[in-house]
file final-v2.tsv (TSV, C-alpha atoms)
chain	number	residue	atom	x	y	z
E	1	MET	CA	-30.42	3.25	-17.49
E	2	LYS	CA	-33.95	2.91	-16.15
E	3	ARG	CA	-34.02	-0.17	-13.92
E	4	ILE	CA	-30.71	-1.15	-12.35
E	5	LEU	CA	-29.39	-4.15	-10.41
E	6	VAL	CA	-26.34	-3.38	-8.27
E	7	THR	CA	-24.15	-6.20	-6.95
E	8	GLY	CA	-21.86	-5.59	-3.97
E	9	ALA	CA	-24.26	-2.83	-2.96
E	10	LEU	CA	-23.03	-2.63	0.63
E	11	GLY	CA	-19.39	-2.10	-0.32
E	12	GLN	CA	-17.43	1.15	-0.53
E	13	ILE	CA	-18.83	2.30	-3.87
E	14	GLY	CA	-22.23	0.62	-3.61
E	15	THR	CA	-23.10	2.18	-0.25
E	16	GLU	CA	-23.24	5.62	-1.86
E	17	LEU	CA	-23.99	4.68	-5.46
E	18	VAL	CA	-27.30	2.99	-4.63
E	19	ASN	CA	-28.55	6.14	-2.90
E	20	LYS	CA	-27.36	8.33	-5.78
E	21	LEU	CA	-28.99	6.12	-8.41
E	22	ARG	CA	-32.26	6.08	-6.45
E	23	ASP	CA	-32.22	9.87	-6.34
E	24	VAL	CA	-31.73	9.99	-10.12
E	25	TYR	CA	-33.82	7.06	-11.39
E	26	GLY	CA	-36.31	6.42	-8.58
E	27	THR	CA	-36.20	4.29	-5.45
E	28	LEU	CA	-37.99	1.25	-6.85
E	29	ASN	CA	-35.85	1.23	-10.00
E	30	VAL	CA	-32.58	0.42	-8.21
E	31	ILE	CA	-32.24	-3.08	-6.75
E	32	ALA	CA	-29.43	-3.47	-4.23
E	33	THR	CA	-27.88	-6.93	-3.83
E	34	ASP	CA	-25.17	-8.27	-1.53
E	35	ILE	CA	-24.22	-11.40	0.41
E	36	ARG	CA	-25.42	-9.84	3.66
E	37	ALA	CA	-28.54	-8.00	4.71
E	38	ASP	CA	-28.82	-4.41	5.84
E	39	ASP	CA	-32.05	-3.21	7.40
E	40	ALA	CA	-31.20	0.45	6.79
E	41	VAL	CA	-30.83	-0.17	3.05
E	42	LYS	CA	-33.96	-2.34	2.98
E	43	GLU	CA	-36.01	0.49	4.45
E	44	LYS	CA	-34.96	2.76	1.57
E	45	GLY	CA	-35.72	0.41	-1.33
E	46	PRO	CA	-35.51	-3.16	-2.67
E	47	ILE	CA	-32.56	-5.30	-1.58
E	48	GLU	CA	-31.89	-9.00	-2.22
E	49	LEU	CA	-29.35	-11.50	-0.91
E	50	VAL	CA	-27.26	-12.54	-3.92
E	51	ASP	CA	-23.92	-14.37	-3.99
E	52	VAL	CA	-22.25	-13.42	-7.28
E	53	THR	CA	-20.46	-16.77	-7.46
E	54	ASP	CA	-23.95	-18.23	-8.07
E	55	GLY	CA	-24.89	-17.17	-11.59
E	56	SER	CA	-28.44	-18.45	-11.32
E	57	ALA	CA	-29.07	-16.18	-8.33
E	58	ILE	CA	-28.04	-13.11	-10.37
E	59	PHE	CA	-30.19	-14.27	-13.29
E	60	GLN	CA	-33.27	-14.85	-11.14
E	61	CYS	CA	-32.94	-11.46	-9.48
E	62	ALA	CA	-32.50	-9.69	-12.82
E	63	VAL	CA	-35.60	-11.40	-14.22
E	64	LYS	CA	-37.65	-10.82	-11.08
E	65	TYR	CA	-37.12	-7.06	-11.23
E	66	ARG	CA	-37.00	-6.78	-15.05
E	67	VAL	CA	-33.79	-4.78	-14.98
E	68	ASP	CA	-32.14	-3.28	-18.05
E	69	THR	CA	-28.74	-2.61	-16.44
E	70	ILE	CA	-26.30	-4.44	-14.16
E	71	ILE	CA	-23.73	-2.46	-12.20
E	72	HIS	CA	-21.38	-5.14	-10.95
E	73	LEU	CA	-19.38	-3.94	-7.92
E	74	ALA	CA	-18.85	-7.16	-5.94
E	75	SER	CA	-15.09	-7.59	-5.48
E	76	ILE	CA	-12.29	-8.46	-3.07
E	77	LEU	CA	-10.02	-5.40	-2.84
E	78	SER	CA	-6.27	-5.19	-3.29
E	79	ALA	CA	-4.75	-5.71	0.17
E	80	LYS	CA	-7.32	-8.32	1.22
E	81	ALA	CA	-6.84	-10.14	-2.08
E	82	GLU	CA	-3.16	-10.67	-1.29
E	83	THR	CA	-4.09	-12.53	1.90
E	84	ALA	CA	-6.69	-14.69	0.14
E	85	PRO	CA	-5.78	-14.90	-3.57
E	86	ARG	CA	-7.98	-17.90	-4.38
E	87	LEU	CA	-11.02	-16.26	-2.80
E	88	ALA	CA	-10.21	-13.07	-4.68
E	89	TRP	CA	-10.10	-14.94	-7.99
E	90	ASP	CA	-13.39	-16.71	-7.29
E	91	VAL	CA	-15.23	-13.53	-6.31
E	92	ASN	CA	-13.59	-11.16	-8.79
E	93	MET	CA	-13.52	-13.41	-11.86
E	94	VAL	CA	-16.20	-16.08	-11.37
E	95	GLY	CA	-18.55	-13.37	-10.09
E	96	LEU	CA	-17.74	-11.16	-13.08
E	97	ILE	CA	-18.32	-13.80	-15.75
E	98	ASN	CA	-21.56	-14.85	-14.02
E	99	ALA	CA	-22.84	-11.27	-14.03
E	100	ILE	CA	-21.79	-10.51	-17.59
E	101	GLU	CA	-23.35	-13.78	-18.80
E	102	VAL	CA	-26.66	-12.60	-17.34
E	103	ALA	CA	-26.21	-9.32	-19.20
E	104	ARG	CA	-25.61	-11.28	-22.42
E	105	GLU	CA	-28.59	-13.58	-21.94
E	106	LEU	CA	-31.00	-10.77	-21.07
E	107	ASP	CA	-29.49	-8.08	-23.34
E	108	LEU	CA	-28.64	-5.70	-20.50
E	109	GLN	CA	-26.29	-2.76	-20.26
E	110	PHE	CA	-23.30	-3.65	-18.05
E	111	PHE	CA	-20.81	-1.73	-15.90
E	112	THR	CA	-17.97	-2.99	-13.74
E	113	PRO	CA	-15.11	-0.93	-12.31
E	114	SER	CA	-11.47	-1.57	-13.05
E	115	SER	CA	-8.63	0.04	-11.10
E	116	ILE	CA	-5.20	1.60	-11.28
E	117	GLY	CA	-4.27	-1.77	-9.78
E	118	ALA	CA	-4.55	-3.07	-13.35
E	119	PHE	CA	-1.20	-1.41	-14.01
E	120	GLY	CA	2.08	-2.80	-12.68
E	121	PRO	CA	5.70	-1.91	-11.90
E	122	SER	CA	6.66	-1.89	-15.58
E	123	THR	CA	3.89	0.59	-16.49
E	124	PRO	CA	5.06	4.20	-17.02
E	125	LYS	CA	4.76	5.89	-13.62
E	126	ASN	CA	3.98	9.45	-14.62
E	127	ASN	CA	1.23	10.60	-16.98
E	128	THR	CA	0.33	6.91	-17.40
E	129	PRO	CA	-1.36	6.58	-20.80
E	130	GLN	CA	-4.82	5.14	-21.44
E	131	VAL	CA	-3.28	2.34	-23.51
E	132	THR	CA	-0.01	1.07	-22.09
E	133	LEU	CA	1.82	-1.97	-20.75
E	134	GLN	CA	-0.18	-3.76	-18.05
E	135	ARG	CA	1.69	-6.46	-16.11
E	136	PRO	CA	0.34	-6.27	-12.53
E	137	THR	CA	2.00	-8.32	-9.80
E	138	THR	CA	-0.99	-8.69	-7.46
E	139	MET	CA	-4.01	-10.98	-7.59
E	140	TYR	CA	-6.28	-7.94	-7.52
E	141	GLY	CA	-4.48	-6.37	-10.46
E	142	ILE	CA	-4.48	-9.62	-12.41
E	143	SER	CA	-8.23	-9.96	-11.94
E	144	LYS	CA	-8.78	-6.37	-13.06
E	145	VAL	CA	-6.76	-6.77	-16.26
E	146	ALA	CA	-8.58	-10.03	-16.97
E	147	GLY	CA	-11.87	-8.25	-16.27
E	148	GLU	CA	-11.09	-5.47	-18.73
E	149	LEU	CA	-10.26	-8.03	-21.42
E	150	LEU	CA	-13.33	-10.12	-20.63
E	151	CYS	CA	-15.61	-7.10	-20.98
E	152	ASP	CA	-13.92	-6.19	-24.27
E	153	TYR	CA	-14.53	-9.75	-25.45
E	154	TYR	CA	-18.23	-9.73	-24.54
E	155	PHE	CA	-18.69	-6.41	-26.33
E	156	LYS	CA	-16.90	-7.51	-29.51
E	157	ARG	CA	-18.13	-11.13	-29.55
E	158	PHE	CA	-21.69	-10.78	-28.29
E	159	GLY	CA	-22.48	-7.07	-28.55
E	160	VAL	CA	-23.00	-6.60	-24.79
E	161	ASP	CA	-22.94	-2.87	-23.96
E	162	THR	CA	-20.09	-3.12	-21.46
E	163	ARG	CA	-18.52	-0.05	-19.83
E	164	GLY	CA	-15.94	0.53	-17.10
E	165	LEU	CA	-13.60	2.94	-15.34
E	166	ARG	CA	-10.10	2.50	-13.94
E	167	PHE	CA	-10.71	4.04	-10.54
E	168	PRO	CA	-7.93	5.42	-8.38
E	169	GLY	CA	-8.11	5.34	-4.58
E	170	LEU	CA	-11.65	6.33	-3.60
E	171	ILE	CA	-12.28	8.46	-0.51
E	172	SER	CA	-15.63	8.42	1.28
E	173	TYR	CA	-16.84	9.38	4.74
E	174	LEU	CA	-19.82	7.00	4.63
E	175	ALA	CA	-18.37	3.57	3.85
E	176	PRO	CA	-15.69	2.10	6.14
E	177	PRO	CA	-12.38	0.96	4.60
E	178	GLY	CA	-12.71	-2.44	2.94
E	179	GLY	CA	-9.20	-3.81	2.46
E	180	GLY	CA	-7.83	-1.47	-0.19
E	181	THR	CA	-4.29	-0.15	-0.49
E	182	THR	CA	-5.44	3.49	-0.43
E	183	ASP	CA	-7.67	3.08	2.64
E	184	TYR	CA	-5.24	5.25	4.61
E	185	ALA	CA	-6.66	8.23	2.74
E	186	VAL	CA	-9.99	7.56	4.47
E	187	GLU	CA	-8.62	6.56	7.86
E	188	ILE	CA	-6.42	9.65	8.19
E	189	TYR	CA	-9.42	11.98	8.38
E	190	TYR	CA	-11.17	9.97	11.09
E	191	HIS	CA	-8.00	9.74	13.17
E	192	ALA	CA	-7.37	13.45	12.69
E	193	VAL	CA	-10.80	14.32	14.12
E	194	LYS	CA	-10.76	11.70	16.90
E	195	ASN	CA	-7.11	11.61	17.99
E	196	LYS	CA	-5.29	14.41	16.14
E	197	THR	CA	-2.67	11.88	15.05
E	198	TYR	CA	-2.30	9.06	12.53
E	199	LYS	CA	0.24	6.36	11.68
E	200	SER	CA	0.30	5.77	7.95
E	201	TYR	CA	0.93	2.27	6.64
E	202	ILE	CA	2.02	3.86	3.33
E	203	ALA	CA	5.47	5.45	3.30
E	204	GLU	CA	6.23	9.14	2.96
E	205	GLY	CA	6.62	10.24	-0.64
E	206	THR	CA	4.38	7.50	-2.08
E	207	ALA	CA	2.09	9.38	-4.45
E	208	MET	CA	-1.06	7.70	-5.75
E	209	ASP	CA	-4.09	8.91	-7.68
E	210	MET	CA	-7.22	9.63	-5.64
E	211	MET	CA	-10.84	10.65	-6.13
E	212	TYR	CA	-13.65	11.77	-3.83
E	213	MET	CA	-16.68	9.52	-3.96
E	214	PRO	CA	-19.15	12.14	-5.29
E	215	ASP	CA	-16.93	12.56	-8.36
E	216	ALA	CA	-16.70	8.78	-8.79
E	217	LEU	CA	-20.48	8.39	-8.68
E	218	ASN	CA	-20.99	11.16	-11.22
E	219	ALA	CA	-18.38	9.54	-13.47
E	220	ILE	CA	-20.25	6.21	-13.43
E	221	ILE	CA	-23.58	7.81	-14.32
E	222	THR	CA	-22.05	10.07	-16.98
E	223	LEU	CA	-20.28	7.14	-18.64
E	224	MET	CA	-23.38	4.94	-18.54
E	225	GLU	CA	-25.46	7.70	-20.15
E	226	ALA	CA	-22.83	8.52	-22.77
E	227	ASN	CA	-23.31	7.91	-26.49
E	228	PRO	CA	-21.94	4.38	-27.09
E	229	GLU	CA	-20.55	5.41	-30.47
E	230	LYS	CA	-18.14	7.80	-28.71
E	231	LEU	CA	-16.65	5.16	-26.39
E	232	VAL	CA	-13.29	4.13	-27.81
E	233	HIS	CA	-11.96	2.62	-24.55
E	234	ARG	CA	-15.33	1.62	-23.17
E	235	ASN	CA	-14.18	-0.84	-20.46
E	236	ALA	CA	-11.17	0.83	-18.91
E	237	TYR	CA	-11.17	4.62	-18.96
E	238	ASN	CA	-8.49	6.23	-16.78
E	239	VAL	CA	-10.14	8.60	-14.28
E	240	SER	CA	-8.67	10.53	-11.36
E	241	SER	CA	-8.98	13.81	-9.47
E	242	PHE	CA	-5.48	14.35	-8.07
E	243	SER	CA	-2.31	12.55	-7.01
E	244	ALA	CA	-1.14	12.75	-3.40
E	245	ALA	CA	1.19	11.16	-0.85
E	246	PRO	CA	0.42	10.81	2.89
E	247	GLU	CA	2.25	14.02	3.76
E	248	ASP	CA	0.06	15.94	1.29
E	249	PHE	CA	-3.05	14.86	3.18
E	250	ALA	CA	-1.39	15.82	6.47
E	251	ARG	CA	-0.44	19.27	5.16
E	252	VAL	CA	-4.04	20.07	4.20
E	253	ILE	CA	-5.53	18.55	7.38
E	254	LYS	CA	-3.24	20.73	9.52
E	255	LYS	CA	-4.90	23.80	8.04
E	256	HIS	CA	-8.11	22.69	9.75
E	257	ILE	CA	-6.62	20.84	12.75
E	258	PRO	CA	-3.28	22.53	13.54
E	259	ALA	CA	-2.39	20.00	16.26
E	260	PHE	CA	-2.54	17.05	13.84
E	261	THR	CA	0.60	14.92	13.53
E	262	LEU	CA	1.50	12.21	11.04
E	263	ASP	CA	3.79	9.26	11.75
E	264	TYR	CA	4.57	6.13	9.78
E	265	GLN	CA	4.27	2.41	10.44
E	266	VAL	CA	4.68	0.97	6.97
E	267	ASP	CA	2.85	-2.22	6.02
E	268	PRO	CA	5.18	-4.13	3.65
E	269	ILE	CA	2.33	-5.78	1.72
E	270	ARG	CA	0.35	-2.63	1.04
E	271	GLN	CA	3.52	-0.62	0.41
E	272	SER	CA	4.67	-3.11	-2.21
E	273	ILE	CA	1.28	-2.83	-3.90
E	274	ALA	CA	1.44	0.97	-3.84
E	275	ASP	CA	4.98	0.94	-5.28
E	276	SER	CA	3.72	-1.06	-8.27
E	277	TRP	CA	1.06	1.52	-9.16
E	278	PRO	CA	1.41	4.76	-11.18
E	279	ASN	CA	2.09	8.12	-9.56
E	280	VAL	CA	-0.14	10.13	-11.93
E	281	ILE	CA	-2.43	8.82	-14.69
E	282	ASP	CA	-3.58	10.53	-17.88
E	283	CYS	CA	-7.38	11.01	-18.01
E	284	SER	CA	-7.54	12.90	-21.31
E	285	GLU	CA	-9.32	10.10	-23.20
E	286	ALA	CA	-12.22	10.15	-20.74
E	287	VAL	CA	-12.41	13.93	-21.06
E	288	SER	CA	-12.50	13.85	-24.86
E	289	ASP	CA	-14.80	10.83	-25.30
E	290	TRP	CA	-17.53	11.53	-22.73
E	291	LYS	CA	-16.71	14.85	-21.02
E	292	PHE	CA	-15.32	13.43	-17.77
E	293	ARG	CA	-14.82	16.12	-15.14
E	294	VAL	CA	-14.33	16.40	-11.38
E	295	GLU	CA	-15.39	18.91	-8.76
E	296	TYR	CA	-13.15	18.05	-5.82
E	297	ASP	CA	-9.42	18.59	-5.46
E	298	LEU	CA	-7.52	17.68	-2.28
E	299	GLU	CA	-8.30	20.99	-0.56
E	300	LYS	CA	-12.04	20.89	-1.25
E	301	LEU	CA	-12.28	17.17	-0.45
E	302	SER	CA	-10.51	17.62	2.89
E	303	LYS	CA	-12.75	20.49	3.95
E	304	ASP	CA	-15.86	18.45	3.15
E	305	MET	CA	-14.60	15.21	4.74
E	306	LEU	CA	-13.58	16.88	7.99
E	307	ALA	CA	-16.82	18.85	8.26
E	308	LYS	CA	-18.98	15.76	7.77
E	309	ILE	CA	-16.96	13.59	10.13
E	310	LYS	CA	-17.07	16.25	12.83
E	311	ARG	CA	-20.82	16.57	12.32
E	312	ASP	CA	-21.41	12.83	12.56
E	313	LEU	CA	-19.16	12.46	15.61
E	314	GLY	CA	-20.60	15.54	17.34
E	315	LYS	CA	-17.24	17.26	17.42
call {"tool": "encode", "arguments": {"input": "final-v2.tsv", "output": "structure tokens"}}
result
Amino acid sequence: MKRILVTGALGQIGTELVNKLRDVYGTLNVIATDIRADDAVKEKGPIELVDVTDGSAIFQCAVKYRVDTIIHLASILSAKAETAPRLAWDVNMVGLINAIEVARELDLQFFTPSSIGAFGPSTPKNNTPQVTLQRPTTMYGISKVAGELLCDYYFKRFGVDTRGLRFPGLISYLAPPGGGTTDYAVEIYYHAVKNKTYKSYIAEGTAMDMMYMPDALNAIITLMEANPEKLVHRNAYNVSSFSAAPEDFARVIKKHIPAFTLDYQVDPIRQSIADSWPNVIDCSEAVSDWKFRVEYDLEKLSKDMLAKIKRDLGK
């Protein structure tokens, strides 16, 4: 990667990835795009208004900046997608095929994230394999499976250098929650610092895979820089840092904030989504193919999250 166009740049991943890419590849070599403007981002480097459902807009931006890579992040997340399934399909699938068509036409490298949402209730729950049954029961999951297959198709049919990761729940202190099922794992830290209490919309005992954003960003860059001949599962590598339930987060938070309490007010929609996902996924293929690794476990993540939130809030 040398000159990169990022769609959905103001979302959860994009907010931090754009800064990371600019640190690595140079400010002017990373073009942020989104459907809304952000003056703070504009001050740090190029940003363009681009609606991914308009393929010509993506094409014109890619040509204007002479990019060699598209990182396509624009997406409607899991919980929000269940309230607006048609919108989710239009953004997640029409946006994806528009972006990958631009990559085909201009011979660009291409990345788009998949998700553990691509699995479903019939997928093995524990040590979920890289290749397994995928029958998701949510619009988000359906779009992610279709996206994996579409990227496979464009690689095999047209030779587009497509790559992707099945991300677990991503935790970040910078980007606000954006309608995902695992957003509680971000909210809980803010509520712990501000109020010393939190009501989880995910039930006790519901374990899901998680990852701290710095590890996710490093995984994207490592995969994109990896030798293409080594990539057996190039569009859907399982990646994760740890698996945890709400009470696991509470246990670690209490080490830093002893007065913290956790209660439950379960959201049936998000709980049903969580119940359809794996408990623990197998990441061994990513480790063997391109040396995937992580730095943060739950303990180290929690210490860092709480310290940064306290700093930003003046606590």
call {"tool": "closest_residue", "arguments": {"input": "final-v2.tsv", "among": "E:Phe59, E:Ala307, E:Asn195, E:Ser276", "to": "Ser122 in chain E", "atoms": "only C-alpha atoms"}}
result
E:Ser276
call {"tool": "atom_distance", "arguments": {"input": "final-v2.tsv", "atom1": "CA of Ser288 in chain E", "atom2": "CA of Ser240 in chain E"}}
result
14.4 Å
call {"tool": "closest_residue", "arguments": {"input": "final-v2.tsv", "among": "E:Ser272, E:Thr128, E:Thr261, E:Asn29", "to": "Lys196 in chain E", "atoms": "all atoms listed in the file"}}
result
E:Thr261
call {"tool": "closest_residue", "arguments": {"input": "final-v2.tsv", "among": "E:Glu204, E:Asp68, E:Asp282, E:Glu48", "to": "Gln265 in chain E", "atoms": "all atoms listed in the file"}}
result
E:Glu204
call {"tool": "axis_aligned_box", "arguments": {"input": "final-v2.tsv", "around": "range 171-188 of chain E", "padding_each_side": "4 Å", "output": "lines of an AutoDock Vina configuration file"}}
result
center_x = -12.1
center_y = 2.9
center_z = 3.8
size_x = 23.5
size_y = 21.5
size_z = 16.7
call {"tool": "residues_around", "arguments": {"input": "final-v2.tsv", "residues": "range 78-93 of chain E", "least_positions_apart": "5", "cutoff": "6 Å", "atoms": "only C-alpha atoms", "output": "PyMOL selection string"}}
result
chain E and resi 139-140+179-181
call {"tool": "residues_around", "arguments": {"input": "final-v2.tsv", "residues": "Leu96 in chain E", "least_positions_apart": "2", "cutoff": "9 Å", "atoms": "all atoms listed in the file", "output": "list of chain:residue names"}}
result
E:Val52, E:Thr53, E:His72, E:Ala74, E:Ser75, E:Val91, E:Asn92, E:Met93, E:Val94, E:Asn98, E:Ala99, E:Ile100, E:Glu101, E:Thr112, E:Gly147, E:Leu150
call {"tool": "closest_residue", "arguments": {"input": "final-v2.tsv", "among": "E:Cys151, E:Ile70, E:Ile221, E:Val232", "to": "Ile97 in chain E", "atoms": "all atoms listed in the file"}}
result
E:Cys151
call {"tool": "closest_residue", "arguments": {"input": "final-v2.tsv", "among": "E:Phe249, E:Tyr212, E:Tyr184, E:Tyr296", "to": "Asp267 in chain E", "atoms": "all atoms listed in the file"}}
result
E:Tyr184
call {"tool": "residues_around", "arguments": {"input": "final-v2.tsv", "residues": "range 205-207 of chain E", "least_positions_apart": "3", "cutoff": "8 Å", "atoms": "all atoms listed in the file", "output": "list in words"}}
result
Ile202, Ser243, Ala244, Ala245, Pro246, Glu247, Ala274, Asp275, Asn279 and Val280 of chain E
call {"tool": "closest_residue", "arguments": {"input": "final-v2.tsv", "among": "E:Asp263, E:Asp248, E:Glu285, E:Glu187", "to": "Leu231 in chain E", "atoms": "all atoms listed in the file"}}
result
E:Glu285
call {"tool": "residues_around", "arguments": {"input": "final-v2.tsv", "residues": "range 152-166 of chain E", "least_positions_apart": "3", "cutoff": "8 Å", "atoms": "only C-alpha atoms", "output": "JSON, numbers by chain"}}
result
{"E": [100, 103, 104, 107, 108, 109, 110, 111, 112, 113, 114, 115, 116, 118, 148, 149, 220, 223, 224, 228, 234, 235, 236, 237, 238, 239]}
call {"tool": "residues_around", "arguments": {"input": "final-v2.tsv", "residues": "Lys310 in chain E", "least_positions_apart": "6", "cutoff": "9 Å", "atoms": "only C-alpha atoms", "output": "list in words"}}
result
Tyr190, Val193 and Lys194 of chain E
call {"tool": "decode", "arguments": {"input": "final-v2.tsv", "residues": "range 87-135 of chain E", "atoms": "C-alpha atoms", "output": "PDB file, in the first residue's frame"}}
result
ATOM      1  CA  LEU E  87     -30.913   0.254   4.129  1.00  0.00           C
ATOM      2  CA  ALA E  88     -28.349  -2.206   5.466  1.00  0.00           C
ATOM      3  CA  TRP E  89     -28.477  -4.221   2.248  1.00  0.00           C
ATOM      4  CA  ASP E  90     -28.124  -1.111   0.091  1.00  0.00           C
ATOM      5  CA  VAL E  91     -25.161   0.252   2.032  1.00  0.00           C
ATOM      6  CA  ASN E  92     -23.442  -3.044   2.802  1.00  0.00           C
ATOM      7  CA  MET E  93     -23.903  -4.792  -0.543  1.00  0.00           C
ATOM      8  CA  VAL E  94     -24.466  -2.085  -3.168  1.00  0.00           C
ATOM      9  CA  GLY E  95     -21.664  -0.072  -1.575  1.00  0.00           C
ATOM     10  CA  LEU E  96     -19.381  -3.110  -1.578  1.00  0.00           C
ATOM     11  CA  ILE E  97     -19.904  -4.059  -5.213  1.00  0.00           C
ATOM     12  CA  ASN E  98     -19.466  -0.410  -6.237  1.00  0.00           C
ATOM     13  CA  ALA E  99     -16.154  -0.195  -4.394  1.00  0.00           C
ATOM     14  CA  ILE E 100     -14.831  -3.524  -5.611  1.00  0.00           C
ATOM     15  CA  GLU E 101     -15.816  -2.663  -9.192  1.00  0.00           C
ATOM     16  CA  VAL E 102     -13.628   0.438  -8.922  1.00  0.00           C
ATOM     17  CA  ALA E 103     -10.800  -1.776  -7.669  1.00  0.00           C
ATOM     18  CA  ARG E 104     -11.302  -4.050 -10.688  1.00  0.00           C
ATOM     19  CA  GLU E 105     -11.432  -1.207 -13.202  1.00  0.00           C
ATOM     20  CA  LEU E 106      -8.356   0.544 -11.814  1.00  0.00           C
ATOM     21  CA  ASP E 107      -6.413  -2.576 -10.760  1.00  0.00           C
ATOM     22  CA  LEU E 108      -6.293  -1.648  -7.068  1.00  0.00           C
ATOM     23  CA  GLN E 109      -5.632  -3.677  -3.959  1.00  0.00           C
ATOM     24  CA  PHE E 110      -8.845  -4.069  -1.939  1.00  0.00           C
ATOM     25  CA  PHE E 111      -9.734  -4.685   1.717  1.00  0.00           C
ATOM     26  CA  THR E 112     -13.120  -4.933   3.392  1.00  0.00           C
ATOM     27  CA  PRO E 113     -13.838  -6.328   6.861  1.00  0.00           C
ATOM     28  CA  SER E 114     -16.110  -9.259   7.524  1.00  0.00           C
ATOM     29  CA  SER E 115     -17.343 -10.192  10.996  1.00  0.00           C
ATOM     30  CA  ILE E 116     -18.130 -13.004  13.390  1.00  0.00           C
ATOM     31  CA  GLY E 117     -21.674 -11.988  12.441  1.00  0.00           C
ATOM     32  CA  ALA E 118     -21.066 -14.019   9.278  1.00  0.00           C
ATOM     33  CA  PHE E 119     -21.546 -17.124  11.412  1.00  0.00           C
ATOM     34  CA  GLY E 120     -24.949 -18.233  12.685  1.00  0.00           C
ATOM     35  CA  PRO E 121     -26.694 -20.383  15.296  1.00  0.00           C
ATOM     36  CA  SER E 122     -25.806 -23.610  13.472  1.00  0.00           C
ATOM     37  CA  THR E 123     -22.079 -22.765  13.395  1.00  0.00           C
ATOM     38  CA  PRO E 124     -19.952 -24.622  15.991  1.00  0.00           C
ATOM     39  CA  LYS E 125     -19.885 -22.374  19.067  1.00  0.00           C
ATOM     40  CA  ASN E 126     -16.479 -23.181  20.509  1.00  0.00           C
ATOM     41  CA  ASN E 127     -13.158 -23.116  18.667  1.00  0.00           C
ATOM     42  CA  THR E 128     -15.128 -22.087  15.569  1.00  0.00           C
ATOM     43  CA  PRO E 129     -13.069 -23.195  12.545  1.00  0.00           C
ATOM     44  CA  GLN E 130     -11.865 -20.955   9.734  1.00  0.00           C
ATOM     45  CA  VAL E 131     -13.958 -22.935   7.249  1.00  0.00           C
ATOM     46  CA  THR E 132     -17.312 -24.004   8.654  1.00  0.00           C
ATOM     47  CA  LEU E 133     -21.073 -23.790   8.207  1.00  0.00           C
ATOM     48  CA  GLN E 134     -22.255 -20.186   7.806  1.00  0.00           C
ATOM     49  CA  ARG E 135     -26.023 -19.650   7.978  1.00  0.00           C
TER      50      ARG E 135
END
